[in-house]
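Quick notes on the structure that follows.
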Amino acid sequence: MLAHAADLASMEGLDGLSIGRLATEADVSKSGIATLFGSKEQLQLATVAAAAERFTATVVEPARVQPRGIRRLAALLDRVVAYSEDRVFPGGCFFSASAADFHSKPGAVRDALADQLESWLGYLAASARFAVVQGELPGLEDPDQLAFELQGTFEWMNLMAVIREKESAVHYGRARTAYRGRLIAYGGDPEIAELLLVPGAALR
């Protein structure tokens, strides 16, 4: 049921997700969903948590086959492009869409979304920091700034790939090229950075 909810929210907006709308989409009774979640807000919070689990399973867990440092960072970047490209959520990135929906609406749902986005940004920064400590990104002084730039690239890539679906391959390719460029600019091994240009190569 929560998988239906996350897919629906990625396409129609988390703010529009309601017990009645989900009941129609999942072909179950409104009373059954109301019994499980109690309120629209609780349904939305549960949907955010379910979406976070799907993101982790799709992006973070596969990248952990690589050791900490630049190899894991490259794997994370590879996976996050694939996450949008493969439409893990049919409307593109669940969190990008939902954050846009709730950015000016204070409350528990916005806080949950912010927590998830900050957690992901922190994980990117931590991966970059390991690379610095291990001498793999010798020119990088501020891993948090790099994480900010990498996520900014992702947001624009995802937005344009969803809006201009017929041209999505161009935007995914540009994001991979941008990621490669940032790693090389900070002294990263070009052979590792080049793997980002081939989907899935950074995982092998």
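Ligands are numbered from 1 in the order shown, residues from 1 within each chain, and chains are lettered A, B, ... in the order they appear in the structure tokens.
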
Within 12 Å of segment 46-58 of chain A, which residues of segment 109-152 of chain A show up? Give each one with its shortest atom-to-atom distance in Å (one decimal) and the two atoms involved, counting only C-alpha atoms, rows by chain then rising residue number, as JSON lines.
```
{"residue": "A:Val109", "atom": "CA", "partner": "A:Val48", "partner_atom": "CA", "distance": 8.0}
{"residue": "A:Arg110", "atom": "CA", "partner": "A:Val48", "partner_atom": "CA", "distance": 9.9}
{"residue": "A:Asp111", "atom": "CA", "partner": "A:Val48", "partner_atom": "CA", "distance": 10.6}
{"residue": "A:Ala112", "atom": "CA", "partner": "A:Val48", "partner_atom": "CA", "distance": 7.2}
{"residue": "A:Leu113", "atom": "CA", "partner": "A:Val48", "partner_atom": "CA", "distance": 6.9}
{"residue": "A:Ala114", "atom": "CA", "partner": "A:Val48", "partner_atom": "CA", "distance": 10.5}
{"residue": "A:Asp115", "atom": "CA", "partner": "A:Val48", "partner_atom": "CA", "distance": 10.3}
{"residue": "A:Gln116", "atom": "CA", "partner": "A:Ala52", "partner_atom": "CA", "distance": 7.1}
{"residue": "A:Leu117", "atom": "CA", "partner": "A:Ala52", "partner_atom": "CA", "distance": 9.5}
{"residue": "A:Ser119", "atom": "CA", "partner": "A:Ala52", "partner_atom": "CA", "distance": 10.2}
{"residue": "A:Trp120", "atom": "CA", "partner": "A:Thr56", "partner_atom": "CA", "distance": 9.3}
{"residue": "A:Tyr123", "atom": "CA", "partner": "A:Thr56", "partner_atom": "CA", "distance": 11.2}
```

message: I want to know what sits within 10 Å of segment 202-204 of chain A, based on only C-alpha atoms, with residues of the same chain fewer than 6 positions away left out; could you give that as an NGL selection string?
response: :A and (62-66 or 71-79 or 192-196)

task: Please run DSSP on the backbone and report, as a PyMOL selection string, all residues within segment 40-180 of chain A that come out as helix (DSSP H, G or I).
output: chain A and resi 40-63+70-85+94-102+108-133+143-163+165-180

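With only C-alpha atoms as the atoms that count, the residue of A:Pro67, A:Gly173, A:Pro199, A:Gly122 with the shortest distance to Phe148 of chain A is A:Gly122.
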